[in-house]
Structures are given as C-alpha cells and as structure tokens.
>>> print(open('structure.csv').read())   # CSV, N, CA, C and O atoms and all ligand atoms
chain,number,residue,atom,x,y,z
G,20,MET,N,0.8,-1.2,0.0
G,20,MET,CA,0.0,0.0,0.0
G,20,MET,C,0.9,1.2,0.0
G,20,MET,O,1.7,1.4,0.9
G,21,LYS,N,0.7,2.1,-1.0
G,21,LYS,CA,1.6,3.3,-1.1
G,21,LYS,C,0.8,4.5,-0.6
G,21,LYS,O,-0.3,4.7,-1.0
G,22,ILE,N,1.5,5.3,0.1
G,22,ILE,CA,0.9,6.5,0.7
G,22,ILE,C,1.8,7.7,0.3
G,22,ILE,O,3.0,7.6,0.3
G,23,ALA,N,1.1,8.8,-0.1
G,23,ALA,CA,1.9,10.0,-0.5
G,23,ALA,C,2.7,10.6,0.7
G,23,ALA,O,2.3,10.4,1.9
G,24,LYS,N,3.7,11.3,0.4
G,24,LYS,CA,4.6,11.9,1.4
G,24,LYS,C,3.9,13.0,2.2
G,24,LYS,O,4.1,13.1,3.4
G,25,GLU,N,3.1,13.7,1.6
G,25,GLU,CA,2.3,14.8,2.2
G,25,GLU,C,0.9,14.7,1.8
G,25,GLU,O,0.6,14.5,0.7
G,26,ILE,N,0.0,14.9,2.8
G,26,ILE,CA,-1.4,14.8,2.5
G,26,ILE,C,-2.1,16.0,3.2
G,26,ILE,O,-1.7,16.4,4.3
G,27,ASN,N,-3.2,16.4,2.6
G,27,ASN,CA,-4.0,17.5,3.1
G,27,ASN,C,-5.2,16.9,3.9
G,27,ASN,O,-6.0,16.2,3.4
G,28,THR,N,-5.1,17.1,5.3
G,28,THR,CA,-6.2,16.5,6.1
G,28,THR,C,-6.4,17.3,7.4
G,28,THR,O,-5.7,18.3,7.6
G,29,TYR,N,-7.4,16.9,8.1
G,29,TYR,CA,-7.9,17.6,9.2
G,29,TYR,C,-6.9,17.6,10.4
G,29,TYR,O,-6.4,16.6,10.8
G,30,CYS,N,-6.7,18.8,11.0
G,30,CYS,CA,-5.8,18.9,12.2
G,30,CYS,C,-6.7,19.3,13.4
G,30,CYS,O,-7.4,20.3,13.3
G,31,PRO,N,-6.7,18.5,14.4
G,31,PRO,CA,-7.6,18.8,15.6
G,31,PRO,C,-7.2,20.0,16.3
G,31,PRO,O,-8.1,20.7,17.0
G,32,LYS,N,-6.0,20.4,16.3
G,32,LYS,CA,-5.5,21.6,17.0
G,32,LYS,C,-5.8,22.9,16.3
G,32,LYS,O,-6.3,23.9,16.8
G,33,CYS,N,-5.5,22.9,15.0
G,33,CYS,CA,-5.8,24.0,14.1
G,33,CYS,C,-7.3,24.2,13.8
G,33,CYS,O,-7.8,25.2,13.4
G,34,ASN,N,-8.0,23.0,13.9
G,34,ASN,CA,-9.4,22.9,13.6
G,34,ASN,C,-9.6,23.3,12.1
G,34,ASN,O,-10.6,23.9,11.7
G,35,LEU,N,-8.7,22.9,11.3
G,35,LEU,CA,-8.7,23.2,9.8
G,35,LEU,C,-8.1,22.0,9.1
G,35,LEU,O,-7.4,21.2,9.6
G,36,HIS,N,-8.3,22.1,7.8
G,36,HIS,CA,-7.5,21.1,6.9
G,36,HIS,C,-6.2,21.8,6.6
G,36,HIS,O,-6.1,22.9,6.1
G,37,THR,N,-5.1,21.1,6.9
G,37,THR,CA,-3.8,21.6,6.7
G,37,THR,C,-2.9,20.5,6.1
G,37,THR,O,-3.3,19.3,6.1
G,38,ILE,N,-1.7,20.8,5.6
G,38,ILE,CA,-0.9,19.8,5.0
G,38,ILE,C,-0.1,19.1,6.1
G,38,ILE,O,0.4,19.7,7.0
G,39,HIS,N,-0.1,17.8,6.0
G,39,HIS,CA,0.5,16.9,7.0
G,39,HIS,C,1.6,16.1,6.4
G,39,HIS,O,1.5,15.7,5.3
G,40,VAL,N,2.7,15.9,7.1
G,40,VAL,CA,3.8,15.1,6.7
G,40,VAL,C,3.6,13.7,7.2
G,40,VAL,O,3.2,13.5,8.4
G,41,VAL,N,3.7,12.7,6.3
G,41,VAL,CA,3.4,11.3,6.7
G,41,VAL,C,4.7,10.6,7.2
G,41,VAL,O,5.7,10.7,6.5
G,42,MET,N,4.6,10.0,8.3
G,42,MET,CA,5.8,9.3,8.9
G,42,MET,C,5.4,7.9,9.4
G,42,MET,O,4.2,7.7,9.6
G,43,MET,N,6.4,7.1,9.6
G,43,MET,CA,6.1,5.8,10.2
G,43,MET,C,6.2,5.9,11.7
G,43,MET,O,7.2,6.5,12.2
G,44,PRO,N,5.2,5.4,12.5
G,44,PRO,CA,5.4,5.5,13.9
G,44,PRO,C,6.4,4.6,14.5
G,44,PRO,O,6.6,3.5,14.0
G,45,SER,N,7.2,5.1,15.5
G,45,SER,CA,8.2,4.2,16.1
G,45,SER,C,7.5,3.2,17.0
G,45,SER,O,6.5,3.5,17.7
G,46,LYS,N,8.1,2.1,17.2
G,46,LYS,CA,7.6,1.0,18.0
G,46,LYS,C,7.8,1.4,19.5
G,46,LYS,O,8.9,1.7,19.9
G,47,GLY,N,6.8,1.3,20.3
G,47,GLY,CA,6.9,1.6,21.7
G,47,GLY,C,7.5,0.4,22.4
G,47,GLY,O,7.6,-0.7,21.9
G,48,ARG,N,8.0,0.7,23.6
G,48,ARG,CA,8.7,-0.3,24.4
G,48,ARG,C,7.7,-1.0,25.3
G,48,ARG,O,6.7,-0.4,25.8
G,49,GLN,N,7.9,-2.3,25.5
G,49,GLN,CA,6.9,-3.1,26.3
G,49,GLN,C,7.2,-2.8,27.7
G,49,GLN,O,8.4,-2.7,28.1
G,50,ARG,N,6.2,-2.8,28.5
G,50,ARG,CA,6.3,-2.6,30.0
G,50,ARG,C,6.7,-3.9,30.6
G,50,ARG,O,6.0,-4.9,30.4
G,51,GLY,N,7.7,-3.9,31.4
G,51,GLY,CA,8.1,-5.2,32.1
G,51,GLY,C,7.4,-5.5,33.3
G,51,GLY,O,7.4,-6.6,33.8
G,52,LEU,N,6.6,-4.5,33.8
G,52,LEU,CA,5.9,-4.7,35.1
G,52,LEU,C,4.4,-4.5,35.0
G,52,LEU,O,3.8,-4.0,35.9
G,53,GLY,N,3.9,-4.8,33.8
G,53,GLY,CA,2.5,-4.7,33.6
G,53,GLY,C,1.7,-5.8,34.3
G,53,GLY,O,2.3,-6.8,34.8
G,54,LYS,N,0.4,-5.6,34.5
G,54,LYS,CA,-0.4,-6.5,35.3
G,54,LYS,C,-0.3,-8.0,34.7
G,54,LYS,O,-0.1,-8.9,35.4
G,55,ALA,N,-0.5,-8.1,33.4
G,55,ALA,CA,-0.5,-9.4,32.7
G,55,ALA,C,0.8,-10.0,32.7
G,55,ALA,O,0.9,-11.3,32.9
G,56,THR,N,1.9,-9.2,32.6
G,56,THR,CA,3.2,-9.8,32.6
G,56,THR,C,3.5,-10.4,34.0
G,56,THR,O,4.1,-11.4,34.1
G,57,ARG,N,3.1,-9.6,35.1
G,57,ARG,CA,3.4,-10.1,36.4
G,57,ARG,C,2.6,-11.4,36.7
G,57,ARG,O,3.1,-12.4,37.3
G,58,ARG,N,1.3,-11.5,36.1
G,58,ARG,CA,0.5,-12.7,36.3
G,58,ARG,C,1.1,-13.9,35.6
G,58,ARG,O,1.2,-15.0,36.1
G,59,HIS,N,1.6,-13.6,34.4
G,59,HIS,CA,2.3,-14.7,33.6
G,59,HIS,C,3.5,-15.2,34.3
G,59,HIS,O,3.8,-16.4,34.4
G,60,ASN,N,4.3,-14.3,34.8
G,60,ASN,CA,5.6,-14.6,35.5
G,60,ASN,C,5.3,-15.5,36.8
G,60,ASN,O,6.0,-16.4,37.1
G,61,ARG,N,4.2,-15.2,37.5
G,61,ARG,CA,3.8,-15.9,38.6
G,61,ARG,C,3.3,-17.3,38.2
G,61,ARG,O,3.6,-18.3,38.9
G,62,ALA,N,2.6,-17.4,37.1
G,62,ALA,CA,2.1,-18.7,36.6
G,62,ALA,C,3.3,-19.7,36.2
G,62,ALA,O,3.2,-20.9,36.4
G,63,ILE,N,4.3,-19.1,35.6
G,63,ILE,CA,5.4,-20.0,35.1
G,63,ILE,C,6.5,-20.2,36.1
G,63,ILE,O,7.5,-20.8,35.8
G,64,LYS,N,6.3,-19.6,37.2
G,64,LYS,CA,7.4,-19.7,38.3
G,64,LYS,C,7.5,-21.2,38.7
G,64,LYS,O,6.5,-21.9,39.1
G,65,GLY,N,8.7,-21.8,38.6
G,65,GLY,CA,8.9,-23.1,39.0
G,65,GLY,C,8.7,-24.1,37.9
G,65,GLY,O,9.1,-25.3,38.0
G,66,TYR,N,8.2,-23.7,36.8
G,66,TYR,CA,8.0,-24.6,35.6
G,66,TYR,C,9.1,-24.4,34.6
G,66,TYR,O,9.7,-23.3,34.5
G,67,VAL,N,9.4,-25.5,33.8
G,67,VAL,CA,10.2,-25.3,32.7
G,67,VAL,C,9.3,-25.5,31.4
G,67,VAL,O,8.6,-26.4,31.4
G,68,GLY,N,9.5,-24.6,30.5
G,68,GLY,CA,8.6,-24.7,29.3
G,68,GLY,C,7.5,-23.7,29.4
G,68,GLY,O,7.6,-22.7,30.1
G,69,SER,N,6.4,-24.0,28.7
G,69,SER,CA,5.4,-23.0,28.6
G,69,SER,C,4.1,-23.4,29.4
G,69,SER,O,3.7,-24.6,29.3
G,70,VAL,N,3.5,-22.5,30.0
G,70,VAL,CA,2.2,-22.7,30.7
G,70,VAL,C,1.2,-21.8,30.0
G,70,VAL,O,1.6,-21.0,29.1
G,71,GLU,N,0.0,-22.0,30.3
G,71,GLU,CA,-1.1,-21.2,29.6
G,71,GLU,C,-1.1,-21.3,28.1
G,71,GLU,O,-0.9,-20.4,27.3
G,72,LEU,N,-1.2,-22.6,27.7
G,72,LEU,CA,-1.3,-22.8,26.3
G,72,LEU,C,-2.7,-22.7,25.8
G,72,LEU,O,-3.5,-23.6,25.7
G,73,LYS,N,-3.0,-21.5,25.4
G,73,LYS,CA,-4.3,-21.2,24.9
G,73,LYS,C,-4.1,-21.0,23.4
G,73,LYS,O,-3.2,-20.4,22.9
G,74,ILE,N,-5.1,-21.6,22.7
G,74,ILE,CA,-5.1,-21.4,21.2
G,74,ILE,C,-5.9,-20.2,20.9
G,74,ILE,O,-7.1,-20.1,21.1
G,75,HIS,N,-5.2,-19.2,20.4
G,75,HIS,CA,-5.9,-17.9,20.1
G,75,HIS,C,-6.3,-18.0,18.6
G,75,HIS,O,-5.6,-18.5,17.8
G,76,PRO,N,-7.4,-17.5,18.3
G,76,PRO,CA,-7.8,-17.4,16.9
G,76,PRO,C,-6.9,-16.5,16.1
G,76,PRO,O,-6.5,-15.5,16.7
G,77,LYS,N,-6.5,-16.9,15.0
G,77,LYS,CA,-5.6,-16.1,14.2
G,77,LYS,C,-6.3,-14.9,13.6
G,77,LYS,O,-7.4,-15.0,13.0
G,78,LYS,N,-5.6,-13.8,13.7
G,78,LYS,CA,-6.1,-12.6,13.1
G,78,LYS,C,-5.5,-12.4,11.7
G,78,LYS,O,-4.4,-12.7,11.5
G,79,LEU,N,-6.4,-12.0,10.8
G,79,LEU,CA,-6.0,-11.9,9.4
G,79,LEU,C,-5.4,-10.5,9.2
G,79,LEU,O,-6.1,-9.5,9.0
G,80,GLY,N,-4.1,-10.4,9.3
G,80,GLY,CA,-3.4,-9.2,9.1
G,80,GLY,C,-3.3,-8.3,10.3
G,80,GLY,O,-3.8,-8.6,11.4
G,81,LYS,N,-2.7,-7.1,10.1
G,81,LYS,CA,-2.5,-6.2,11.2
G,81,LYS,C,-3.1,-4.9,10.8
G,81,LYS,O,-3.3,-4.6,9.6
G,82,LYS,N,-3.4,-4.0,11.8
G,82,LYS,CA,-3.9,-2.7,11.5
G,82,LYS,C,-2.6,-1.8,11.2
G,82,LYS,O,-1.8,-1.7,12.1
G,83,GLN,N,-2.5,-1.3,10.1
G,83,GLN,CA,-1.3,-0.5,9.7
G,83,GLN,C,-1.5,1.0,10.1
G,83,GLN,O,-2.6,1.5,9.9
G,84,LYS,N,-0.5,1.5,10.8
G,84,LYS,CA,-0.7,2.9,11.3
G,84,LYS,C,0.3,3.8,10.6
G,84,LYS,O,1.4,3.4,10.2
G,85,ILE,N,-0.1,5.0,10.5
G,85,ILE,CA,0.8,6.1,10.1
G,85,ILE,C,0.8,7.2,11.1
G,85,ILE,O,-0.2,7.3,11.8
G,86,LEU,N,1.8,8.0,11.1
G,86,LEU,CA,1.9,9.2,12.0
G,86,LEU,C,1.8,10.4,11.1
G,86,LEU,O,2.6,10.6,10.1
G,87,LEU,N,0.9,11.3,11.4
G,87,LEU,CA,0.7,12.5,10.7
G,87,LEU,C,1.2,13.7,11.5
G,87,LEU,O,0.8,13.9,12.7
G,88,GLU,N,2.1,14.6,10.9
G,88,GLU,CA,2.5,15.7,11.6
G,88,GLU,C,2.0,17.0,10.9
G,88,GLU,O,2.3,17.1,9.7
G,89,CYS,N,1.3,17.8,11.6
G,89,CYS,CA,0.8,19.1,11.0
G,89,CYS,C,2.0,20.0,10.7
G,89,CYS,O,2.9,20.2,11.5
G,90,LYS,N,2.0,20.6,9.5
G,90,LYS,CA,3.1,21.5,9.2
G,90,LYS,C,3.0,22.8,9.9
G,90,LYS,O,4.0,23.5,10.1
G,91,LYS,N,1.8,23.2,10.2
G,91,LYS,CA,1.6,24.5,10.9
G,91,LYS,C,2.0,24.5,12.4
G,91,LYS,O,2.8,25.3,12.9
G,92,CYS,N,1.4,23.5,13.1
G,92,CYS,CA,1.5,23.5,14.6
G,92,CYS,C,2.4,22.4,15.1
G,92,CYS,O,2.6,22.3,16.3
G,93,LYS,N,2.8,21.5,14.2
G,93,LYS,CA,3.7,20.4,14.5
G,93,LYS,C,3.0,19.3,15.4
G,93,LYS,O,3.7,18.6,16.1
G,94,THR,N,1.7,19.3,15.5
G,94,THR,CA,1.0,18.3,16.3
G,94,THR,C,1.0,17.0,15.6
G,94,THR,O,0.9,16.9,14.3
G,95,ARG,N,1.3,15.9,16.3
G,95,ARG,CA,1.3,14.6,15.7
G,95,ARG,C,0.1,13.7,16.1
G,95,ARG,O,-0.3,13.7,17.2
G,96,VAL,N,-0.5,13.1,15.1
G,96,VAL,CA,-1.7,12.3,15.3
G,96,VAL,C,-1.4,10.9,14.6
G,96,VAL,O,-0.9,10.9,13.5
G,97,GLU,N,-1.8,9.9,15.3
G,97,GLU,CA,-1.7,8.5,14.8
G,97,GLU,C,-3.0,8.2,14.0
G,97,GLU,O,-4.0,8.5,14.5
G,98,ARG,N,-2.8,7.5,12.9
G,98,ARG,CA,-4.0,7.1,12.2
G,98,ARG,C,-3.9,5.7,11.6
G,98,ARG,O,-2.9,5.3,11.2
G,99,VAL,N,-5.0,4.9,11.7
G,99,VAL,CA,-5.1,3.6,11.1
G,99,VAL,C,-5.5,3.7,9.7
G,99,VAL,O,-6.4,4.4,9.3
G,100,VAL,N,-4.7,3.0,8.8
G,100,VAL,CA,-5.0,3.1,7.4
G,100,VAL,C,-5.7,1.8,7.0
G,100,VAL,O,-5.1,0.7,7.1
G,101,GLY,N,-6.9,1.9,6.6
G,101,GLY,CA,-7.7,0.8,6.2
G,101,GLY,C,-8.0,-0.1,7.4
G,101,GLY,O,-7.8,0.4,8.6
G,102,MET,N,-8.4,-1.3,7.3
G,102,MET,CA,-8.6,-2.2,8.4
G,102,MET,C,-7.5,-3.3,8.4
G,102,MET,O,-6.4,-3.0,7.8
G,103,ARG,N,-7.7,-4.4,9.0
G,103,ARG,CA,-6.7,-5.4,9.0
G,103,ARG,C,-6.2,-5.8,7.6
G,103,ARG,O,-7.0,-6.2,6.8
G,104,THR,N,-5.0,-5.7,7.4
G,104,THR,CA,-4.4,-6.0,6.0
G,104,THR,C,-3.0,-6.6,6.2
G,104,THR,O,-2.4,-6.4,7.2
G,105,LYS,N,-2.7,-7.4,5.2
G,105,LYS,CA,-1.3,-8.0,5.2
G,105,LYS,C,-0.3,-7.2,4.4
G,105,LYS,O,0.8,-7.4,4.4
G,106,LYS,N,-0.9,-6.1,3.8
G,106,LYS,CA,0.0,-5.3,3.0
G,106,LYS,C,0.8,-4.3,3.9
G,106,LYS,O,0.2,-3.8,4.9
G,107,LYS,N,2.0,-4.1,3.6
G,107,LYS,CA,2.8,-3.2,4.4
G,107,LYS,C,2.7,-1.8,3.7
G,107,LYS,O,2.5,-1.6,2.5
G,108,ILE,N,2.9,-0.8,4.6
G,108,ILE,CA,2.8,0.6,4.1
G,108,ILE,C,4.1,1.1,3.7
G,108,ILE,O,5.1,0.9,4.3
G,109,GLU,N,4.1,1.7,2.5
G,109,GLU,CA,5.3,2.4,2.0
G,109,GLU,C,4.9,3.8,1.8
G,109,GLU,O,3.9,4.2,1.3
G,110,ILE,N,5.9,4.7,2.1
G,110,ILE,CA,5.7,6.1,1.9
G,110,ILE,C,6.4,6.5,0.6
G,110,ILE,O,7.5,6.1,0.3
G,111,LYS,N,5.6,7.1,-0.3
G,111,LYS,CA,6.1,7.4,-1.7
G,111,LYS,C,7.3,8.4,-1.6
G,111,LYS,O,7.2,9.4,-0.8
G,112,ARG,N,8.3,8.3,-2.4
G,112,ARG,CA,9.4,9.2,-2.4
G,112,ARG,C,9.3,10.2,-3.5
G,112,ARG,O,8.7,9.9,-4.5
Q,201,ZN,ZN,-2.2,21.9,13.1
>>> encode(input="structure.csv", output="structure tokens", more="lines below")
Ligand SMILES: [Zn+2]
Amino acid sequence: MKIAKEINTYCPKCNLHTIHVVMMPSKGRQRGLGKATRRHNRAIKGYVGSVELKIHPKKLGKKQKILLECKKCKTRVERVVGMRTKKKIEIKR
C-alpha cells in the first residue's frame, strides 16, 4: 500500500484542513511490570517450558498505522490506514 509523502487532512488543534507530513510511527517499548506480565511470571514460576497454552484465533493481518505531523503547529496524530491487512505501508518518495 503506497501513501503520499504529504497529505491535506484535518488537524484537531488548528481545527482546519492543513498539509501533514506522513511518517512511520516508532515502535513503543513493552512494559516489564504490567499486570498481565506479572501474572504470567507468577504462573510460570517453578516450571520449565510454557504454561497457559491457549489457542488464540488467528487474526488476518494487522492494522497499519501512520503518523501525521501538521506542518503549521507540529501536532502529531496517529491514524489507522484501512482495516486489518497483510500489505505493508510504503511512503512514496
Ligand atoms: Zn495543526
């Protein structure tokens, strides 16, 4: 899926349609002390191998995100492009 480098879209801060620069969002870091992580660590304590073998239904593709930066006020907004898709996003040069 190809996306233009700059798009004209709504900015919530300016309350106007302005030109936005399209960027790829950086991946956030996982929390090591989240509730589910602590619960999982408690469950596997003393065992070797994996516990909690649940079969999760497979999701078809991922939600692809882009980061939009307003050229006027520099506000950044994340946006989902399409719905679940296997196609990767490329920014046109
Ligand atoms: Zn703006």
>>> residues_near_ligand(input="structure.csv", ligand="ligand ZN 201 (chain Q)", cutoff="8 Å", atoms="all atoms listed in the file", output="number ranges by chain")
G: 28-38, 88-95
>>> atom_distance(input="structure.csv", atom1="CA of Ile110 (chain G)", atom2="CA of Lys21 (chain G)")
5.8 Å
>>> residues_near_point(input="structure.csv", point="(8.3, 10.2, 1.2)", cutoff="10 Å", atoms="only C-alpha atoms", output="list in words")
Lys21, Ile22, Ala23, Lys24, Glu25, Val40, Val41, Met42, Glu109, Ile110, Lys111 and Arg112 of chain G
>>> write_last_selection(input="structure.csv", atoms="N, CA, C and O atoms", output="mmCIF file, in the frame of the given file")
data_model
loop_
_atom_site.group_PDB
_atom_site.id
_atom_site.type_symbol
_atom_site.label_atom_id
_atom_site.label_comp_id
_atom_site.auth_asym_id
_atom_site.auth_seq_id
_atom_site.Cartn_x
_atom_site.Cartn_y
_atom_site.Cartn_z
ATOM 1 N N LYS G 21 0.700 2.100 -1.000
ATOM 2 C CA LYS G 21 1.600 3.300 -1.100
ATOM 3 C C LYS G 21 0.800 4.500 -0.600
ATOM 4 O O LYS G 21 -0.300 4.700 -1.000
ATOM 5 N N ILE G 22 1.500 5.300 0.100
ATOM 6 C CA ILE G 22 0.900 6.500 0.700
ATOM 7 C C ILE G 22 1.800 7.700 0.300
ATOM 8 O O ILE G 22 3.000 7.600 0.300
ATOM 9 N N ALA G 23 1.100 8.800 -0.100
ATOM 10 C CA ALA G 23 1.900 10.000 -0.500
ATOM 11 C C ALA G 23 2.700 10.600 0.700
ATOM 12 O O ALA G 23 2.300 10.400 1.900
ATOM 13 N N LYS G 24 3.700 11.300 0.400
ATOM 14 C CA LYS G 24 4.600 11.900 1.400
ATOM 15 C C LYS G 24 3.900 13.000 2.200
ATOM 16 O O LYS G 24 4.100 13.100 3.400
ATOM 17 N N GLU G 25 3.100 13.700 1.600
ATOM 18 C CA GLU G 25 2.300 14.800 2.200
ATOM 19 C C GLU G 25 0.900 14.700 1.800
ATOM 20 O O GLU G 25 0.600 14.500 0.700
ATOM 21 N N VAL G 40 2.700 15.900 7.100
ATOM 22 C CA VAL G 40 3.800 15.100 6.700
ATOM 23 C C VAL G 40 3.600 13.700 7.200
ATOM 24 O O VAL G 40 3.200 13.500 8.400
ATOM 25 N N VAL G 41 3.700 12.700 6.300
ATOM 26 C CA VAL G 41 3.400 11.300 6.700
ATOM 27 C C VAL G 41 4.700 10.600 7.200
ATOM 28 O O VAL G 41 5.700 10.700 6.500
ATOM 29 N N MET G 42 4.600 10.000 8.300
ATOM 30 C CA MET G 42 5.800 9.300 8.900
ATOM 31 C C MET G 42 5.400 7.900 9.400
ATOM 32 O O MET G 42 4.200 7.700 9.600
ATOM 33 N N GLU G 109 4.100 1.700 2.500
ATOM 34 C CA GLU G 109 5.300 2.400 2.000
ATOM 35 C C GLU G 109 4.900 3.800 1.800
ATOM 36 O O GLU G 109 3.900 4.200 1.300
ATOM 37 N N ILE G 110 5.900 4.700 2.100
ATOM 38 C CA ILE G 110 5.700 6.100 1.900
ATOM 39 C C ILE G 110 6.400 6.500 0.600
ATOM 40 O O ILE G 110 7.500 6.100 0.300
ATOM 41 N N LYS G 111 5.600 7.100 -0.300
ATOM 42 C CA LYS G 111 6.100 7.400 -1.700
ATOM 43 C C LYS G 111 7.300 8.400 -1.600
ATOM 44 O O LYS G 111 7.200 9.400 -0.800
ATOM 45 N N ARG G 112 8.300 8.300 -2.400
ATOM 46 C CA ARG G 112 9.400 9.200 -2.400
ATOM 47 C C ARG G 112 9.300 10.200 -3.500
ATOM 48 O O ARG G 112 8.700 9.900 -4.500
#
>>> residues_around(input="structure.csv", residues="Lys81 (chain G)", least_positions_apart="5", cutoff="12 Å", atoms="only C-alpha atoms", output="PyMOL selection string")
chain G and resi 99-108
>>> select_by_dssp(input="structure.csv", residues="chain G", states="alpha helix (DSSP H)", output="list in words")
Lys54, Ala55, Thr56, Arg57, Arg58, His59, Asn60, Arg61 and Ala62 of chain G
>>> atom_distance(input="structure.csv", atom1="CA of His39 (chain G)", atom2="atom N of Leu86 (chain G)")
9.9 Å
>>> atom_distance(input="structure.csv", atom1="atom N of Met20 (chain G)", atom2="CA of Ile85 (chain G)")
12.5 Å
>>> build_atoms(input="structure.csv", residues="region 50-58 of chain G", atoms="all heavy atoms", output="PDB file, keeping the file's coordinate frame")
ATOM      1  N   ARG G  50       6.200  -2.800  28.500  1.00  0.00           N
ATOM      2  CA  ARG G  50       6.300  -2.600  30.000  1.00  0.00           C
ATOM      3  C   ARG G  50       6.700  -3.900  30.600  1.00  0.00           C
ATOM      4  O   ARG G  50       6.000  -4.900  30.400  1.00  0.00           O
ATOM      5  CB  ARG G  50       5.045  -2.058  30.591  1.00  0.00           C
ATOM      6  CG  ARG G  50       4.869  -0.592  30.315  1.00  0.00           C
ATOM      7  CD  ARG G  50       3.752  -0.063  31.155  1.00  0.00           C
ATOM      8  NE  ARG G  50       2.463  -0.598  30.700  1.00  0.00           N
ATOM      9  CZ  ARG G  50       1.327  -0.365  31.327  1.00  0.00           C
ATOM     10  NH1 ARG G  50       1.309   0.355  32.411  1.00  0.00           N
ATOM     11  NH2 ARG G  50       0.207  -0.854  30.872  1.00  0.00           N
ATOM     12  N   GLY G  51       7.700  -3.900  31.400  1.00  0.00           N
ATOM     13  CA  GLY G  51       8.100  -5.200  32.100  1.00  0.00           C
ATOM     14  C   GLY G  51       7.400  -5.500  33.300  1.00  0.00           C
ATOM     15  O   GLY G  51       7.400  -6.600  33.800  1.00  0.00           O
ATOM     16  N   LEU G  52       6.600  -4.500  33.800  1.00  0.00           N
ATOM     17  CA  LEU G  52       5.900  -4.700  35.100  1.00  0.00           C
ATOM     18  C   LEU G  52       4.400  -4.500  35.000  1.00  0.00           C
ATOM     19  O   LEU G  52       3.800  -4.000  35.900  1.00  0.00           O
ATOM     20  CB  LEU G  52       6.520  -3.838  36.212  1.00  0.00           C
ATOM     21  CG  LEU G  52       7.886  -4.270  36.753  1.00  0.00           C
ATOM     22  CD1 LEU G  52       8.447  -3.200  37.660  1.00  0.00           C
ATOM     23  CD2 LEU G  52       7.786  -5.576  37.511  1.00  0.00           C
ATOM     24  N   GLY G  53       3.900  -4.800  33.800  1.00  0.00           N
ATOM     25  CA  GLY G  53       2.500  -4.700  33.600  1.00  0.00           C
ATOM     26  C   GLY G  53       1.700  -5.800  34.300  1.00  0.00           C
ATOM     27  O   GLY G  53       2.300  -6.800  34.800  1.00  0.00           O
ATOM     28  N   LYS G  54       0.400  -5.600  34.500  1.00  0.00           N
ATOM     29  CA  LYS G  54      -0.400  -6.500  35.300  1.00  0.00           C
ATOM     30  C   LYS G  54      -0.300  -8.000  34.700  1.00  0.00           C
ATOM     31  O   LYS G  54      -0.100  -8.900  35.400  1.00  0.00           O
ATOM     32  CB  LYS G  54      -1.807  -6.051  35.327  1.00  0.00           C
ATOM     33  CG  LYS G  54      -2.625  -6.728  36.396  1.00  0.00           C
ATOM     34  CD  LYS G  54      -4.035  -6.191  36.400  1.00  0.00           C
ATOM     35  CE  LYS G  54      -4.886  -6.914  37.417  1.00  0.00           C
ATOM     36  NZ  LYS G  54      -6.279  -6.486  37.375  1.00  0.00           N
ATOM     37  N   ALA G  55      -0.500  -8.100  33.400  1.00  0.00           N
ATOM     38  CA  ALA G  55      -0.500  -9.400  32.700  1.00  0.00           C
ATOM     39  C   ALA G  55       0.800 -10.000  32.700  1.00  0.00           C
ATOM     40  O   ALA G  55       0.900 -11.300  32.900  1.00  0.00           O
ATOM     41  CB  ALA G  55      -1.043  -9.218  31.280  1.00  0.00           C
ATOM     42  N   THR G  56       1.900  -9.200  32.600  1.00  0.00           N
ATOM     43  CA  THR G  56       3.200  -9.800  32.600  1.00  0.00           C
ATOM     44  C   THR G  56       3.500 -10.400  34.000  1.00  0.00           C
ATOM     45  O   THR G  56       4.100 -11.400  34.100  1.00  0.00           O
ATOM     46  CB  THR G  56       4.263  -8.633  32.324  1.00  0.00           C
ATOM     47  OG1 THR G  56       3.785  -7.880  31.233  1.00  0.00           O
ATOM     48  CG2 THR G  56       5.618  -9.194  31.998  1.00  0.00           C
ATOM     49  N   ARG G  57       3.100  -9.600  35.100  1.00  0.00           N
ATOM     50  CA  ARG G  57       3.400 -10.100  36.400  1.00  0.00           C
ATOM     51  C   ARG G  57       2.600 -11.400  36.700  1.00  0.00           C
ATOM     52  O   ARG G  57       3.100 -12.400  37.300  1.00  0.00           O
ATOM     53  CB  ARG G  57       2.965  -9.089  37.428  1.00  0.00           C
ATOM     54  CG  ARG G  57       4.039  -8.013  37.599  1.00  0.00           C
ATOM     55  CD  ARG G  57       3.625  -7.003  38.616  1.00  0.00           C
ATOM     56  NE  ARG G  57       2.609  -6.107  38.084  1.00  0.00           N
ATOM     57  CZ  ARG G  57       1.629  -5.570  38.809  1.00  0.00           C
ATOM     58  NH1 ARG G  57       1.525  -5.825  40.079  1.00  0.00           N
ATOM     59  NH2 ARG G  57       0.755  -4.777  38.246  1.00  0.00           N
ATOM     60  N   ARG G  58       1.300 -11.500  36.100  1.00  0.00           N
ATOM     61  CA  ARG G  58       0.500 -12.700  36.300  1.00  0.00           C
ATOM     62  C   ARG G  58       1.100 -13.900  35.600  1.00  0.00           C
ATOM     63  O   ARG G  58       1.200 -15.000  36.100  1.00  0.00           O
ATOM     64  CB  ARG G  58      -0.890 -12.412  35.773  1.00  0.00           C
ATOM     65  CG  ARG G  58      -1.905 -13.440  36.201  1.00  0.00           C
ATOM     66  CD  ARG G  58      -3.120 -13.412  35.314  1.00  0.00           C
ATOM     67  NE  ARG G  58      -3.763 -12.106  35.297  1.00  0.00           N
ATOM     68  CZ  ARG G  58      -4.167 -11.497  34.190  1.00  0.00           C
ATOM     69  NH1 ARG G  58      -3.980 -12.054  33.014  1.00  0.00           N
ATOM     70  NH2 ARG G  58      -4.750 -10.323  34.246  1.00  0.00           N
TER      71      ARG G  58
END
